[in-house]
$ cat data_6.txt   # compact mmCIF, C-alpha atoms
# COMPACT_ATOMS: atom_id res chain seq x y z
CA ALA A 27 15.13 -3.24 48.76
CA LEU A 28 11.63 -1.91 48.10
CA ALA A 29 13.03 1.50 47.12
CA SER A 30 15.53 -0.17 44.81
CA ASN A 31 12.77 -2.21 43.15
CA MET A 32 10.59 0.90 42.74
CA SER A 33 13.51 2.84 41.31
CA MET A 34 14.17 0.06 38.78
CA ALA A 35 10.47 -0.13 37.84
CA ILE A 36 10.34 3.63 37.26
CA ARG A 37 13.53 3.51 35.19
CA ASN A 38 12.16 0.62 33.10
CA ALA A 39 8.88 2.50 32.56
CA ASN A 40 10.85 5.53 31.36
CA LEU A 41 12.94 3.35 29.04
CA PHE A 42 9.79 1.79 27.55
CA LYS A 43 8.30 5.25 27.07
CA GLU A 44 11.46 6.42 25.28
CA LEU A 45 11.50 3.28 23.14
CA LYS A 46 7.86 3.78 22.12
CA SER A 47 8.60 7.40 21.25
CA GLU A 48 11.56 6.30 19.11
CA LEU A 49 9.43 3.66 17.36
CA ASP A 50 6.75 6.27 16.64
CA LYS A 51 9.40 8.57 15.13
CA LYS A 52 10.71 5.74 12.93
CA HIS A 53 7.18 4.91 11.80
CA GLN A 54 6.53 8.55 10.91
CA LEU A 55 9.82 8.68 8.97
CA PHE A 56 8.81 5.53 7.08
CA MET A 57 5.38 6.92 6.21
CA ARG A 58 6.79 10.28 5.10
CA THR A 59 9.40 8.51 2.96
CA THR A 60 6.65 6.41 1.40
CA ILE A 61 4.60 9.53 0.64
CA ALA A 62 7.69 11.21 -0.89
CA LEU A 63 8.20 8.16 -3.15
CA VAL A 64 4.55 8.35 -4.21
CA ALA A 65 4.99 12.06 -5.01
CA ALA A 66 7.96 11.19 -7.23
CA ILE A 67 5.85 8.67 -9.14
CA GLU A 68 2.96 11.08 -9.51
CA ALA A 69 5.35 13.73 -10.86
CA LYS A 70 6.22 11.30 -13.66
CA ASP A 71 2.62 10.41 -14.53
CA ASN A 72 0.31 13.38 -15.12
CA TYR A 73 -2.75 11.11 -14.98
CA THR A 74 -2.09 9.93 -11.44
CA HIS A 75 -1.66 13.36 -9.82
CA GLY A 76 -3.67 13.05 -6.60
CA HIS A 77 -4.79 9.56 -7.64
CA THR A 78 -2.80 7.77 -4.95
CA THR A 79 -4.20 9.94 -2.17
CA ARG A 80 -7.73 9.31 -3.40
CA VAL A 81 -7.16 5.54 -3.68
CA THR A 82 -5.61 5.44 -0.20
CA ASN A 83 -8.43 7.41 1.40
CA LEU A 84 -11.10 5.31 -0.36
CA SER A 85 -9.33 2.05 0.56
CA LEU A 86 -9.26 2.99 4.23
CA GLU A 87 -12.89 4.11 4.12
CA ILE A 88 -13.95 0.83 2.44
CA ALA A 89 -12.11 -1.15 5.13
CA LYS A 90 -13.80 0.94 7.83
CA LYS A 91 -17.25 0.29 6.33
CA LEU A 92 -16.54 -3.44 5.91
CA SER A 93 -15.41 -3.71 9.52
CA GLN A 94 -18.60 -1.96 10.70
CA LYS A 95 -20.79 -4.13 8.52
CA ASN A 96 -19.15 -7.37 9.63
CA LYS A 97 -19.25 -6.16 13.24
CA LYS A 98 -15.80 -7.51 13.94
CA ALA A 99 -12.71 -5.61 14.91
CA TRP A 100 -10.23 -5.66 12.10
CA ASP A 101 -6.64 -6.15 13.04
CA ASN A 102 -4.76 -2.84 13.13
CA LYS A 103 -1.91 -4.54 11.29
CA PHE A 104 -4.24 -5.25 8.35
CA ILE A 105 -5.29 -1.59 8.22
CA GLU A 106 -1.62 -0.55 8.34
CA LYS A 107 -0.77 -2.97 5.50
CA LEU A 108 -3.73 -1.67 3.50
CA HIS A 109 -2.61 1.91 4.08
CA ILE A 110 0.92 1.18 2.86
CA ALA A 111 -0.18 -1.02 -0.06
CA SER A 112 -2.70 1.55 -1.27
CA LEU A 113 -0.07 4.29 -1.09
CA LEU A 114 2.38 2.15 -3.08
CA HIS A 115 -0.04 0.34 -5.41
CA ASP A 116 1.26 2.16 -8.52
CA VAL A 117 4.94 2.38 -7.54
CA GLY A 118 5.76 0.09 -10.48
CA LYS A 119 4.76 2.85 -12.90
CA ILE A 120 8.21 4.25 -12.27
CA GLY A 121 9.38 1.47 -14.64
CA VAL A 122 6.93 2.42 -17.41
CA PRO A 123 8.20 4.99 -19.95
CA GLU A 124 6.70 8.47 -19.56
CA HIS A 125 5.64 8.63 -23.21
CA ILE A 126 3.32 5.69 -22.55
CA LEU A 127 2.01 6.98 -19.21
CA ASN A 128 1.25 10.42 -20.63
CA LYS A 129 0.10 9.40 -24.10
CA ARG A 130 -3.08 11.06 -25.27
CA GLY A 131 -5.33 8.77 -27.23
CA ALA A 132 -5.48 5.02 -27.54
CA LEU A 133 -2.59 2.85 -26.48
CA THR A 134 -1.19 0.16 -28.73
CA ILE A 135 -1.35 -3.44 -27.53
CA GLY A 136 2.38 -3.27 -26.76
CA GLU A 137 1.93 -0.07 -24.74
CA ARG A 138 -1.00 -1.55 -22.85
CA ASN A 139 1.07 -4.64 -22.09
CA LYS A 140 3.90 -2.43 -20.81
CA ILE A 141 1.50 -0.67 -18.41
CA LYS A 142 0.21 -4.07 -17.26
CA GLU A 143 3.73 -4.82 -16.04
CA HIS A 144 3.55 -2.12 -13.34
CA PRO A 145 2.23 -4.35 -10.51
CA MET A 146 5.12 -6.80 -10.95
CA ILE A 147 7.63 -3.98 -11.35
CA GLY A 148 6.34 -2.57 -8.05
CA VAL A 149 6.72 -5.94 -6.34
CA THR A 150 10.27 -6.25 -7.69
CA ILE A 151 11.17 -2.79 -6.38
CA LEU A 152 9.67 -3.36 -2.93
CA LYS A 153 10.41 -7.05 -2.34
CA PRO A 154 13.81 -6.40 -0.70
CA ILE A 155 12.02 -4.46 2.07
CA LYS A 156 11.10 -7.37 4.34
CA GLU A 157 8.70 -5.23 6.39
CA LEU A 158 6.51 -4.71 3.31
CA GLU A 159 6.11 -8.42 2.59
CA GLN A 160 2.47 -8.61 3.66
CA ALA A 161 1.52 -5.42 1.76
CA LEU A 162 2.93 -6.80 -1.51
CA ALA A 163 -0.24 -8.79 -2.27
CA GLY A 164 -2.21 -5.54 -2.48
CA ILE A 165 0.35 -4.08 -4.88
CA LYS A 166 0.72 -7.22 -6.99
CA TYR A 167 -2.95 -8.10 -7.38
CA HIS A 168 -4.76 -4.74 -7.43
CA HIS A 169 -5.66 -5.25 -11.12
CA GLU A 170 -7.11 -8.74 -10.72
CA ARG A 171 -10.82 -9.09 -11.43
CA PRO A 172 -13.48 -11.39 -9.95
CA ASP A 173 -14.16 -12.83 -13.41
CA GLY A 174 -10.49 -13.82 -13.84
CA ARG A 175 -9.78 -11.37 -16.67
CA GLY A 176 -7.43 -9.20 -14.63
CA TYR A 177 -3.65 -9.25 -14.39
CA PRO A 178 -0.92 -10.27 -13.61
CA GLU A 179 -2.14 -13.83 -12.84
CA GLY A 180 -5.81 -13.90 -13.84
CA LEU A 181 -7.00 -14.71 -10.31
CA LYS A 182 -10.75 -15.14 -9.76
CA GLY A 183 -13.13 -14.34 -6.92
CA GLU A 184 -11.89 -15.68 -3.59
CA GLU A 185 -8.39 -16.25 -4.99
CA ILE A 186 -7.86 -12.49 -4.91
CA PRO A 187 -6.52 -11.34 -1.53
CA LEU A 188 -8.89 -9.02 0.37
CA ILE A 189 -6.26 -6.28 0.51
CA ALA A 190 -6.03 -6.28 -3.31
CA SER A 191 -9.81 -6.36 -3.74
CA ILE A 192 -10.21 -3.28 -1.57
CA ILE A 193 -7.49 -1.39 -3.46
CA SER A 194 -8.98 -2.50 -6.79
CA VAL A 195 -12.41 -1.09 -5.93
CA ALA A 196 -10.87 2.17 -4.69
CA ASP A 197 -8.62 2.34 -7.78
CA SER A 198 -11.53 2.02 -10.17
$ encode --input "data_6.txt" --output "structure tokens"
Amino acid sequence: ALASNMSMAIRNANLFKELKSELDKKHQLFMRTTIALVAAIEAKDNYTHGHTTRVTNLSLEIAKKLSQKNKKAWDNKFIEKLHIASLLHDVGKIGVPEHILNKRGALTIGERNKIKEHPMIGVTILKPIKELEQALAGIKYHHERPDGRGYPEGLKGEEIPLIASIISVADS
């Protein structure tokens, strides 16, 4: 009986190990797919070439500094959401015409308004992916400003989710 129990425990341990390995592979596939989508967006917008990588790296560094300063361990899930949201923060630019994104010189009010739609376009594109639900706030609100003059909703100060505030600082 003891040998049977040990055998079952070893088998279960091996199954858990295989399951974790499979989950890690799926996570890597998801992250690589996300990065490929970002590359497609950056190929459309000359201005943003390398921008997303810089925003992502800065966002993660800001979160690291904030966690050290506040001397509390930040939830790894928050860092993961921040990583994904910062990678995808400009995904909505795929819905903005290239002639506007790559225009040299001043934009018209209509063109500026079209660019201001990109956070909501991004949310619309990503909303069907249930697993991204908590990262959507970073994408949707990364152009909000503490004084309330941002977009899309004109949120102020504490109304702006932390994830969006971090991305906003990194983005600027």
$ atom_distance --input "data_6.txt" --atom1 "atom CA of A:Gly180" --atom2 "atom CA of A:Tyr167"
9.1 Å
$ residues_near_point --input "data_6.txt" --point "(-4.1, -12.8, -15.1)" --cutoff "12 Å" --atoms "only C-alpha atoms" --output "number ranges by chain"
A: 139, 142-143, 145-146, 166-182, 185-186
$ write_last_selection --input "data_6.txt" --atoms "C-alpha atoms" --output "mmCIF file, in the coordinates of the input"
data_model
loop_
_atom_site.group_PDB
_atom_site.id
_atom_site.type_symbol
_atom_site.label_atom_id
_atom_site.label_comp_id
_atom_site.auth_asym_id
_atom_site.auth_seq_id
_atom_site.Cartn_x
_atom_site.Cartn_y
_atom_site.Cartn_z
ATOM 1 C CA ASN A 139 1.070 -4.640 -22.090
ATOM 2 C CA LYS A 142 0.210 -4.070 -17.260
ATOM 3 C CA GLU A 143 3.730 -4.820 -16.040
ATOM 4 C CA PRO A 145 2.230 -4.350 -10.510
ATOM 5 C CA MET A 146 5.120 -6.800 -10.950
ATOM 6 C CA LYS A 166 0.720 -7.220 -6.990
ATOM 7 C CA TYR A 167 -2.950 -8.100 -7.380
ATOM 8 C CA HIS A 168 -4.760 -4.740 -7.430
ATOM 9 C CA HIS A 169 -5.660 -5.250 -11.120
ATOM 10 C CA GLU A 170 -7.110 -8.740 -10.720
ATOM 11 C CA ARG A 171 -10.820 -9.090 -11.430
ATOM 12 C CA PRO A 172 -13.480 -11.390 -9.950
ATOM 13 C CA ASP A 173 -14.160 -12.830 -13.410
ATOM 14 C CA GLY A 174 -10.490 -13.820 -13.840
ATOM 15 C CA ARG A 175 -9.780 -11.370 -16.670
ATOM 16 C CA GLY A 176 -7.430 -9.200 -14.630
ATOM 17 C CA TYR A 177 -3.650 -9.250 -14.390
ATOM 18 C CA PRO A 178 -0.920 -10.270 -13.610
ATOM 19 C CA GLU A 179 -2.140 -13.830 -12.840
ATOM 20 C CA GLY A 180 -5.810 -13.900 -13.840
ATOM 21 C CA LEU A 181 -7.000 -14.710 -10.310
ATOM 22 C CA LYS A 182 -10.750 -15.140 -9.760
ATOM 23 C CA GLU A 185 -8.390 -16.250 -4.990
ATOM 24 C CA ILE A 186 -7.860 -12.490 -4.910
#
$ residues_around --input "data_6.txt" --residues "A:His125" --least-positions-apart "3" --cutoff "10 Å" --atoms "all atoms listed in the file" --output "list of chain:residue names"
A:Lys70, A:Asp71, A:Val122, A:Asn128, A:Lys129, A:Arg130, A:Glu137
$ write_last_selection --input "data_6.txt" --atoms "C-alpha atoms" --output "PDB file, keeping the file's coordinate frame"
ATOM      1  CA  LYS A  70       6.220  11.300 -13.660  1.00  0.00           C
ATOM      2  CA  ASP A  71       2.620  10.410 -14.530  1.00  0.00           C
ATOM      3  CA  VAL A 122       6.930   2.420 -17.410  1.00  0.00           C
ATOM      4  CA  ASN A 128       1.250  10.420 -20.630  1.00  0.00           C
ATOM      5  CA  LYS A 129       0.100   9.400 -24.100  1.00  0.00           C
ATOM      6  CA  ARG A 130      -3.080  11.060 -25.270  1.00  0.00           C
ATOM      7  CA  GLU A 137       1.930  -0.070 -24.740  1.00  0.00           C
TER       8      GLU A 137
END
$ axis_aligned_box --input "data_6.txt" --around "stretch 124-143 of chain A" --padding-each-side "3 Å" --output "JSON"
{"center_x": 0.6, "center_y": 3.1, "center_z": -22.4, "size_x": 18.2, "size_y": 21.9, "size_z": 18.7}
$ closest_residue --input "data_6.txt" --among "A:Asn31, A:Thr134, A:Asn96, A:Ser191" --to "A:Leu108" --atoms "all atoms listed in the file"
A:Ser191
$ atom_distance --input "data_6.txt" --atom1 "atom CA of A:Leu127" --atom2 "atom CA of A:Ile88"
27.6 Å
$ residues_around --input "data_6.txt" --residues "A:Thr82" --least-positions-apart "4" --cutoff "7 Å" --atoms "all atoms listed in the file" --output "PyMOL selection string"
chain A and resi 78+86+109+112-113
$ atom_distance --input "data_6.txt" --atom1 "atom CA of A:Leu84" --atom2 "atom CA of A:Ile67"
19.4 Å
$ closest_residue --input "data_6.txt" --among "A:Ala62, A:Pro154, A:Ile105, A:Leu55" --to "A:Ser93" --atoms "all atoms listed in the file"
A:Ile105
$ build_atoms --input "data_6.txt" --residues "stretch 28-39 of chain A" --atoms "all heavy atoms" --output "mmCIF file, keeping the file's coordinate frame"
data_model
loop_
_atom_site.group_PDB
_atom_site.id
_atom_site.type_symbol
_atom_site.label_atom_id
_atom_site.label_comp_id
_atom_site.auth_asym_id
_atom_site.auth_seq_id
_atom_site.Cartn_x
_atom_site.Cartn_y
_atom_site.Cartn_z
ATOM 1 N N LEU A 28 12.858 -2.371 48.736
ATOM 2 C CA LEU A 28 11.630 -1.910 48.100
ATOM 3 C C LEU A 28 11.899 -0.642 47.279
ATOM 4 O O LEU A 28 11.433 -0.508 46.149
ATOM 5 C CB LEU A 28 10.564 -1.648 49.165
ATOM 6 C CG LEU A 28 9.204 -1.188 48.649
ATOM 7 C CD1 LEU A 28 8.606 -2.226 47.694
ATOM 8 C CD2 LEU A 28 8.262 -0.939 49.808
ATOM 9 N N ALA A 29 12.685 0.255 47.836
ATOM 10 C CA ALA A 29 13.030 1.500 47.120
ATOM 11 C C ALA A 29 13.825 1.183 45.870
ATOM 12 O O ALA A 29 13.621 1.791 44.803
ATOM 13 C CB ALA A 29 13.805 2.438 48.046
ATOM 14 N N SER A 30 14.728 0.233 45.972
ATOM 15 C CA SER A 30 15.530 -0.170 44.810
ATOM 16 C C SER A 30 14.646 -0.760 43.723
ATOM 17 O O SER A 30 14.800 -0.445 42.533
ATOM 18 C CB SER A 30 16.595 -1.191 45.245
ATOM 19 O OG SER A 30 17.317 -1.637 44.119
ATOM 20 N N ASN A 31 13.697 -1.614 44.113
ATOM 21 C CA ASN A 31 12.770 -2.210 43.150
ATOM 22 C C ASN A 31 11.894 -1.137 42.493
ATOM 23 O O ASN A 31 11.652 -1.168 41.287
ATOM 24 C CB ASN A 31 11.889 -3.260 43.811
ATOM 25 C CG ASN A 31 12.640 -4.539 44.100
ATOM 26 O OD1 ASN A 31 13.724 -4.767 43.567
ATOM 27 N ND2 ASN A 31 12.087 -5.369 44.970
ATOM 28 N N MET A 32 11.415 -0.191 43.286
ATOM 29 C CA MET A 32 10.590 0.900 42.740
ATOM 30 C C MET A 32 11.397 1.762 41.781
ATOM 31 O O MET A 32 10.916 2.156 40.723
ATOM 32 C CB MET A 32 10.019 1.750 43.877
ATOM 33 C CG MET A 32 8.937 1.057 44.677
ATOM 34 S SD MET A 32 7.531 0.558 43.679
ATOM 35 C CE MET A 32 6.846 2.138 43.268
ATOM 36 N N SER A 33 12.627 2.032 42.152
ATOM 37 C CA SER A 33 13.510 2.840 41.310
ATOM 38 C C SER A 33 13.722 2.142 39.968
ATOM 39 O O SER A 33 13.674 2.775 38.895
ATOM 40 C CB SER A 33 14.840 3.063 42.034
ATOM 41 O OG SER A 33 15.754 3.688 41.179
ATOM 42 N N MET A 34 13.961 0.826 40.017
ATOM 43 C CA MET A 34 14.170 0.060 38.780
ATOM 44 C C MET A 34 12.892 0.034 37.940
ATOM 45 O O MET A 34 12.943 0.176 36.715
ATOM 46 C CB MET A 34 14.613 -1.377 39.113
ATOM 47 C CG MET A 34 15.085 -2.145 37.887
ATOM 48 S SD MET A 34 15.617 -3.836 38.242
ATOM 49 C CE MET A 34 16.757 -3.606 39.562
ATOM 50 N N ALA A 35 11.748 -0.105 38.570
ATOM 51 C CA ALA A 35 10.470 -0.130 37.840
ATOM 52 C C ALA A 35 10.215 1.208 37.153
ATOM 53 O O ALA A 35 9.795 1.256 35.988
ATOM 54 C CB ALA A 35 9.325 -0.465 38.797
ATOM 55 N N ILE A 36 10.522 2.301 37.856
ATOM 56 C CA ILE A 36 10.340 3.630 37.260
ATOM 57 C C ILE A 36 11.303 3.821 36.092
ATOM 58 O O ILE A 36 10.930 4.322 35.038
ATOM 59 C CB ILE A 36 10.516 4.731 38.337
ATOM 60 C CG1 ILE A 36 9.347 4.672 39.328
ATOM 61 C CG2 ILE A 36 10.634 6.114 37.707
ATOM 62 C CD1 ILE A 36 9.538 5.524 40.576
ATOM 63 N N ARG A 37 12.540 3.396 36.280
ATOM 64 C CA ARG A 37 13.530 3.510 35.190
ATOM 65 C C ARG A 37 13.091 2.684 33.981
ATOM 66 O O ARG A 37 13.173 3.148 32.851
ATOM 67 C CB ARG A 37 14.898 3.059 35.679
ATOM 68 C CG ARG A 37 15.968 3.089 34.602
ATOM 69 C CD ARG A 37 17.357 3.246 35.185
ATOM 70 N NE ARG A 37 18.423 2.919 34.301
ATOM 71 C CZ ARG A 37 18.713 3.525 33.152
ATOM 72 N NH1 ARG A 37 17.952 4.502 32.715
ATOM 73 N NH2 ARG A 37 19.735 3.144 32.418
ATOM 74 N N ASN A 38 12.628 1.470 34.214
ATOM 75 C CA ASN A 38 12.160 0.620 33.100
ATOM 76 C C ASN A 38 10.968 1.260 32.385
ATOM 77 O O ASN A 38 10.884 1.240 31.159
ATOM 78 C CB ASN A 38 11.788 -0.772 33.605
ATOM 79 C CG ASN A 38 13.004 -1.624 33.893
ATOM 80 O OD1 ASN A 38 14.110 -1.320 33.449
ATOM 81 N ND2 ASN A 38 12.808 -2.690 34.655
ATOM 82 N N ALA A 39 10.049 1.832 33.165
ATOM 83 C CA ALA A 39 8.880 2.500 32.560
ATOM 84 C C ALA A 39 9.337 3.655 31.679
ATOM 85 O O ALA A 39 8.820 3.844 30.573
ATOM 86 C CB ALA A 39 7.932 2.985 33.651
#
